[in-house]
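Participant: For reference, the structure I am asking about is given below.
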There are 2 protein chains.
Amino acid sequence: MKALVFEAGRAAVRVRDVPEPRARRGYALVRVLLSGICNTDLELRRGYHGFRGVPGHEFVGVVEGPAKSRWLGKRVVGEINLGCGRCGRCREGLARHCARRKALGILGHPGAHAGLLTLPEMNLREVPSGLSDEEAVFTEPLAAACEILDQVDVARGCRAAVLGPGKLGRLVAQVLEDAGADVSLLGRRGRARRSSFDLVVEATGSPAGMPRALELVRPRGTIVWKSTHHGPAVFDAAPLVVSEITVVGSRCGRFEPALERLSERRVRVEHLISADFPLARAAAALKEAARPGVLKVLLRP
Amino acid sequence: MKALVFEAGRAAVRVRDVPEPRARRGYALVRVLLSGICNTDLELRRGYHGFRGVPGHEFVGVVEGPAKSRWLGKRVVGEINLGCGRCGRCREGLARHCARRKALGILGHPGAHAGLLTLPEMNLREVPSGLSDEEAVFTEPLAAACEILDQVDVARGCRAAVLGPGKLGRLVAQVLEDAGADVSLLGRRGRARRSSFDLVVEATGSPAGMPRALELVRPRGTIVWKSTHHGPAVFDAAPLVVSEITVVGSRCGRFEPALERLSERRVRVEHLISADFPLARAAAALKEAARPGVLKVLLRP
């Protein structure tokens, strides 16, 4: 099958033939219909995690095997963390924090920018029939946006700022608005009054995001930190301590709240699609996805 | 009266005669019995806040004026933040987060390393008769330690690490133990298992504290950030985001919980006193306080 492969060093990005994956016991084999390029893919290419292999963790697909699977023929999306299944965190339902986890297209498990992928059946979620492939492929990033609601109380009327009007930032803004918050989505030059927000979501993907967030949040307010970027964070921490700010790291989320919001049209995603490339042109698609102002770029195997 | 004065530049630390302060309307004039040197005093001397004037914010004293004050003759400690009294935060009882606040010996109001000081009467708390001056002078730093309990749920059996076995770290460790936590107080070389603590309190006063805290805290655990230091924090933020850590900035606290714990002997402080200097020898006292391993140094006007 064809797959996008990141090889050692940053120059080598190419689509080539790789052996088809085989589904281990408890796993399903999924034919990918559509995959989405995430900023994390771009970071992996820049060296984050020292990643090599097939990237991609946002997808919608159809289960092709094994032959006896109750999932056969179903259209699915899939949670990306593969826990060990035995530790305390896995038993609590927190496989996404298992210390020995693998992660689809990120850590130790080949990803979705390929013709086929495998995932444990327990990771799969059926896509409701009312959703298009182009909507369903947003389930994973939307789940990451919804994760904020599992971590922080967002009261009706809460003054929220979302820093970074990219793909994730725009999903977060919709999720917070749907929850009743009064949301400002701010770009690099967006003006806003200092110390005026109850909640600031840092989704810039840049080391400059945190100092900005600290300027905007009110004393005793909350910053949700979404960006992972290669290289260290550098900021003056005194305002964080003095104003008793709470900073909450936030990553992947449960898929159910995302599928629910998509199905009920409480969050709209079609306008976030900037381009759609055949998988064979993945190198060009990655270049496009990295251009400022470009939102979601999809790959079609 | 004699007072310790920080003048422009780091070299000039001296005790000299300054005019006695006068109590404005609503303020009390307090004769200082004992003041404590805090790390913040040492940071102010290094340039934190561009401070000049009389430092000192930990004290116990006796009210000397005005003549009609209901506080006259009482032995008191005092909350250090002077709010504007009119803004929303002041009205909520959060003068310590008022945007226009002054702070005793830190920001716009002369401090306690002097013969006399003034404070709004509403900032004063009477010292219970069972407490010695040497105990009462710990009220302010102990309140800062107790603040953690107002911010974070510390369940019985909670596995807590306190980084930084200095004055504040040792107070925090006692407060958490008293609350039922299982506490490890860790110095620079203290060994502990990675990702094993529910709660880590960063009280090292050093930029190295945060990366260490991130190593020790479990996924979805909490770090309380107590250190303010001159210069930026630099650390790899990816573990914070990926493991969904919550970081809570924590500063000053209410005095009541501190006085209660001192009175009931649930927290002991006498063993934290390393030295006691006359105010006239404050320069030597500051030098002593900055030596590694030295805990609380007191000044006696």
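Ligands are numbered from 1 in the order shown, chains are lettered A, B, ... in the order of the structure tokens, and residues start at 1 in each chain.
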Taking only C-alpha atoms into account, report as a VMD selection string which residues of chain A lie within 10 Å of chain B.
Facilitator: chain A and resid 48 89 94 96 to 99 151 195 207 218 to 220 222 to 252
Participant: Could the residues in this selection be saved with C-alpha atoms as a tab-separated table (two decimals), in the first residue's frame?
Facilitator:
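Final output, saved to result-v5.tsv:
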```tsv
chain	number	residue	atom	x	y	z
A	48	TYR	CA	9.40	16.49	17.90
A	89	ARG	CA	-4.49	4.29	34.40
A	94	LEU	CA	-7.29	6.77	31.04
A	96	ARG	CA	-4.34	8.20	27.00
A	97	HIS	CA	-2.15	8.65	30.10
A	98	CYS	CA	-0.73	5.09	30.22
A	99	ALA	CA	3.05	5.33	30.71
A	151	GLN	CA	-11.02	19.85	32.80
A	195	SER	CA	-6.16	41.02	32.76
A	207	PRO	CA	6.49	29.86	22.35
A	218	ARG	CA	-7.35	38.01	35.10
A	219	PRO	CA	-5.89	37.37	38.58
A	220	ARG	CA	-6.92	33.86	39.74
A	222	THR	CA	-7.25	29.97	34.14
A	223	ILE	CA	-5.02	29.36	31.14
A	224	VAL	CA	-5.52	26.16	29.16
A	225	TRP	CA	-2.26	25.24	27.46
A	226	LYS	CA	-2.87	23.35	24.22
A	227	SER	CA	0.29	24.00	22.19
A	228	THR	CA	3.07	21.52	21.99
A	229	HIS	CA	6.06	22.88	20.14
A	230	HIS	CA	9.61	21.77	19.59
A	231	GLY	CA	11.97	23.67	21.93
A	232	PRO	CA	11.53	25.12	25.43
A	233	ALA	CA	8.97	27.55	26.79
A	234	VAL	CA	10.55	30.79	28.08
A	235	PHE	CA	8.50	33.29	30.05
A	236	ASP	CA	8.51	35.41	33.17
A	237	ALA	CA	6.69	33.25	35.70
A	238	ALA	CA	6.29	35.94	38.36
A	239	PRO	CA	2.84	37.07	37.09
A	240	LEU	CA	1.68	33.45	37.18
A	241	VAL	CA	2.65	33.13	40.84
A	242	VAL	CA	1.72	36.63	41.97
A	243	SER	CA	-1.70	36.61	40.30
A	244	GLU	CA	-2.27	32.97	41.29
A	245	ILE	CA	-3.07	31.83	37.76
A	246	THR	CA	-4.02	28.20	37.13
A	247	VAL	CA	-2.46	26.66	34.02
A	248	VAL	CA	-4.03	23.44	32.78
A	249	GLY	CA	-2.23	21.30	30.23
A	250	SER	CA	-4.75	19.84	27.79
A	251	ARG	CA	-4.35	17.26	25.06
A	252	CYS	CA	-6.56	14.50	23.66
```
Participant: Going by DSSP on the backbone, which residues of segment 13-147 of chain B come out as alpha helix (DSSP H)? List them as a PyMOL selection string.
Facilitator: chain B and resi 39-46+88-91+133-136+139-147
Participant: Give me the residues near segment 214-217 of chain B as a ChimeraX atom specification, where near means some atom within 6 Å (using only C-alpha atoms) and where sequence neighbours in that chain fewer than 2 positions away do not count.
Facilitator: /B:194-197,211-212,221
Participant: What's around Arg281 of chain B at 9 Å? Count only C-alpha atoms, leave out sequence neighbours fewer than 5 positions away in its own chain, and write the answer as a PyMOL selection string.
Facilitator: chain B and resi 14-15+286+299
Participant: Write a file of the just-selected residues containing C-alpha atoms, as a short mmCIF file (atom, residue, chain, number, x, y, z; two decimals), in the first residue's frame.
Facilitator:
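Result file follows (part-v5.cif):
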```cif
data_model
loop_
_atom_site.label_atom_id
_atom_site.label_comp_id
_atom_site.auth_asym_id
_atom_site.auth_seq_id
_atom_site.Cartn_x
_atom_site.Cartn_y
_atom_site.Cartn_z
CA ARG B 14 22.45 50.10 54.94
CA VAL B 15 20.65 50.90 58.13
CA LEU B 286 20.92 39.63 55.00
CA LEU B 299 15.71 41.33 62.97
#
```
Participant: Excluding segment 55-70 of chain A and any residue of its chain fewer than 3 positions from it, enumerate the residues within 6 Å of it, using only C-alpha atoms, and give them as a PyMOL selection string.
Facilitator: chain A and resi 28-36+73-77+104-105+111-113+137+140
Participant: Just the number, please: distance in Å from atom CA of Leu131 of chain A to atom CA of Ala289 of chain A, one decimal.
Facilitator: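 Result for atom CA of Leu131 of chain A versus atom CA of Ala289 of chain A: 24.0 Å, one decimal.
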Participant: If we count only C-alpha atoms and set the cut-off at 9 Å, which residues sit around Phe255 of chain A, ignoring sequence neighbours fewer than 6 positions away in its own chain? Please answer as a list of chain:residue names.
Facilitator: A:Val77, A:Gly78, A:Glu79, A:Arg125, A:Thr139, A:Glu140, A:Leu142, A:Ala143, A:Ala144, A:Cys146
Participant: May I have the selected residues written with N, CA and C atoms, as a short mmCIF file (atom, residue, chain, number, x, y, z; two decimals), in the first residue's frame?
Facilitator:
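Just written: selection_33.cif:
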```cif
data_model
loop_
_atom_site.label_atom_id
_atom_site.label_comp_id
_atom_site.auth_asym_id
_atom_site.auth_seq_id
_atom_site.Cartn_x
_atom_site.Cartn_y
_atom_site.Cartn_z
N VAL A 77 -14.24 6.21 13.25
CA VAL A 77 -13.11 7.03 13.63
C VAL A 77 -12.45 6.30 14.80
N GLY A 78 -11.27 6.74 15.25
CA GLY A 78 -10.61 5.96 16.31
C GLY A 78 -9.79 6.80 17.26
N GLU A 79 -9.92 6.47 18.57
CA GLU A 79 -9.08 7.15 19.57
C GLU A 79 -7.64 6.73 19.33
N ARG A 125 -14.93 4.09 17.13
CA ARG A 125 -16.26 4.65 17.37
C ARG A 125 -16.95 4.70 16.01
N THR A 139 -13.28 14.56 14.03
CA THR A 139 -13.64 14.07 15.36
C THR A 139 -12.48 14.16 16.35
N GLU A 140 -11.30 13.75 15.90
CA GLU A 140 -10.15 13.74 16.83
C GLU A 140 -9.79 15.15 17.29
N LEU A 142 -11.61 17.79 17.29
CA LEU A 142 -12.73 18.35 18.05
C LEU A 142 -12.79 17.75 19.46
N ALA A 143 -12.44 16.46 19.56
CA ALA A 143 -12.37 15.83 20.89
C ALA A 143 -11.33 16.54 21.75
N ALA A 144 -10.21 16.92 21.14
CA ALA A 144 -9.16 17.65 21.88
C ALA A 144 -9.69 19.01 22.34
N CYS A 146 -12.95 19.64 22.95
CA CYS A 146 -13.96 19.35 23.99
C CYS A 146 -13.31 18.95 25.32
#
```
Participant: Find, counting only C-alpha atoms, the residue in A:Leu124, A:Leu259, A:Val13, A:Leu186 that gets nearest to Leu42 of chain A.
Facilitator: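 Result for the nearest residue to Leu42 of chain A: A:Val13.
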Participant: So which residues of segment 31-78 of chain B fall under strand (DSSP E or B) by DSSP, listed as number ranges by chain?
Facilitator: B: 31-37, 53, 58-65, 75-78
